[in-house]
Amino acid sequence: MDVYGLIGNPVGHSLSPPMHEAAYDTLGLDARYVTFEPAEDAVAAAVEGAGALGVAGLNVTVPFKQDVAALPSVATDDLASAVGAVNTLDFSDASVTGHNTDVEGAVRALREQGGASLSSATAVVVGAGGAGRAVAFGLADAGASVRVANRTASRATDLAAAVEREVDGATATGGGLDALDEWLADADVLVNATSVGMETDETPVPANALHERLVVLDAVYAPLETRLLRDAAAAGATTVDGAWMLLHQGAAAFEHWTGEDAPVDAMNDALRSHLDA
Ligand code: ATR
């Protein structure tokens, strides 16, 4: 039996176990997905121990993504290195490899559910924390011109500079939330990568800045229909909820681990049945 899992703290409410186990059931794989909560100073030992025990793959979540990216024992791919965070470890090769599938999750959700063509898009990312970094690098890597707006403007300008430095040919600008009106006017894509709207009816984006040419992804998935997505739908925009990003980061992790296409419909059904519960 192959063992996969998640390390983070806390991990009790994670939706990854049902999502991944639905994939194993659908494809008839003899595998299990379990959660681990190492102490904050034990992440290196946890990763080393997982490898020694023959664990096949691990997802990594808060607060360990940055710590894992910095481990000398992990061969981190270029994009995850640039983001500075790893959420997927693959133990199947001689060396442990680290990836960031939050990046792919955002890109696939925008393309597959939003119908967005990113290669010549102008994209606005709200937020410059961990999620904002993954989304900004993903969009720039996909060829979009990126504008990062953040409550703390200096974090946004730092992130934009990092994107331009690390991604060949990228264009990125950073600023405060007051830039949103102007930046959204001619934008094709908007992603909320802040925590605003999680379990509240707030939005970081003024409703009157939204328009029908936008594809809007909200990384927040509790609730699924955030105020931002309601405002976006009312403005005629195409909306993509945060469960799609969660699904596609999981699907991309599954594909790194197994080399097989993920059964996304089954994974999506499992995810949504737990989100509706
Ligand atoms: P994550 O890893 O989920 O991105 P984070 O690194 O703590 O978490 O980042 C949270 C993001 O949400 C940041 O962009 C933060 O803005 P600041 O950099 O100014 O802190 C943003 N955020 C959180 N609460 C906010 C609020 N009430 N209004 C606007 N932005 C907010």
# chains A, B, ... in the order shown; residues from 1 in each chain; ligands from 1
>>> residues_near_ligand(ligand="ligand 1", cutoff="8 Å", atoms="only C-alpha atoms and all ligand atoms", output="list in words")
Val62, Val126, Gly127, Ala128, Gly129, Gly130, Ala131, Gly132, Arg133, Asn150, Arg151, Thr152, Ala153, Arg155, Ala156, Leu177, Ala193, Thr194, Ser195, Val196 and Pro204 of chain A
>>> atom_distance(atom1="atom CA of A:Thr171", atom2="atom CA of A:Gly84")
19.3 Å
>>> residues_around(residues="A:Ala185", least_positions_apart="2", cutoff="12 Å", atoms="only C-alpha atoms", output="ChimeraX atom specification")
/A:122-124,179-183,187-190,206,208-214
>>> select_by_dssp(residues="stretch 16-97 of chain A", states="helix (DSSP H, G or I)", output="PyMOL selection string")
chain A and resi 16-27+43-53+65-69+78-83
>>> select_by_dssp(residues="stretch 118-270 of chain A", states="strand (DSSP E or B)", output="JSON, numbers by chain")
{"A": [122, 123, 124, 125, 126, 145, 146, 147, 148, 149, 172, 173, 174, 175, 189, 190, 191, 192, 215, 216, 217, 218, 238, 239, 240]}
>>> residues_around(residues="A:Ser73", least_positions_apart="2", cutoff="10 Å", atoms="only C-alpha atoms", output="PyMOL selection string")
chain A and resi 44+47-48+68-71+75-76+95-98
>>> closest_residue(among="A:Pro18, A:Pro223, A:Gly28, A:Gly236", to="A:Gly197", atoms="only C-alpha atoms")
A:Pro223
>>> atom_distance(atom1="atom CA of A:Trp244", atom2="atom CA of A:Val74")
27.9 Å
>>> residues_around(residues="A:Ala170", least_positions_apart="3", cutoff="6 Å", atoms="only C-alpha atoms", output="PyMOL selection string")
chain A and resi 140+164+167
>>> residues_around(residues="A:Ala160", least_positions_apart="2", cutoff="6 Å", atoms="only C-alpha atoms", output="VMD selection string")
chain A and resid 157 to 158 162 to 163 172 to 174
>>> residues_around(residues="A:Val107", least_positions_apart="6", cutoff="9 Å", atoms="only C-alpha atoms", output="number ranges by chain")
A: 118, 135, 138-139, 142, 245, 248
>>> atom_distance(atom1="atom CA of A:Gly5", atom2="atom CA of A:Asn192")
27.5 Å
>>> closest_atom_pairs(of="stretch 219-252 of chain A", to="stretch 257-274 of chain A", cutoff="9 Å", atoms="only C-alpha atoms", output="CSV")
residue,atom,partner,partner_atom,distance
A:Ala243,CA,A:Arg272,CA,7.6
A:Trp244,CA,A:Asn268,CA,7.9
A:Leu246,CA,A:Leu271,CA,8.7
A:Leu247,CA,A:Asn268,CA,6.3
A:His248,CA,A:Val264,CA,7.9
A:Gly250,CA,A:Met267,CA,8.5
A:Ala251,CA,A:Ala262,CA,5.3
A:Ala252,CA,A:Ala262,CA,7.5
>>> closest_residue(among="A:Ala161, A:Leu53, A:Val148, A:Val86", to="A:Gln66", atoms="only C-alpha atoms")
A:Val86
>>> closest_residue(among="A:Gly57, A:Gly51, A:Val215, A:Asp2", to="A:Ala109", atoms="only C-alpha atoms")
A:Val215
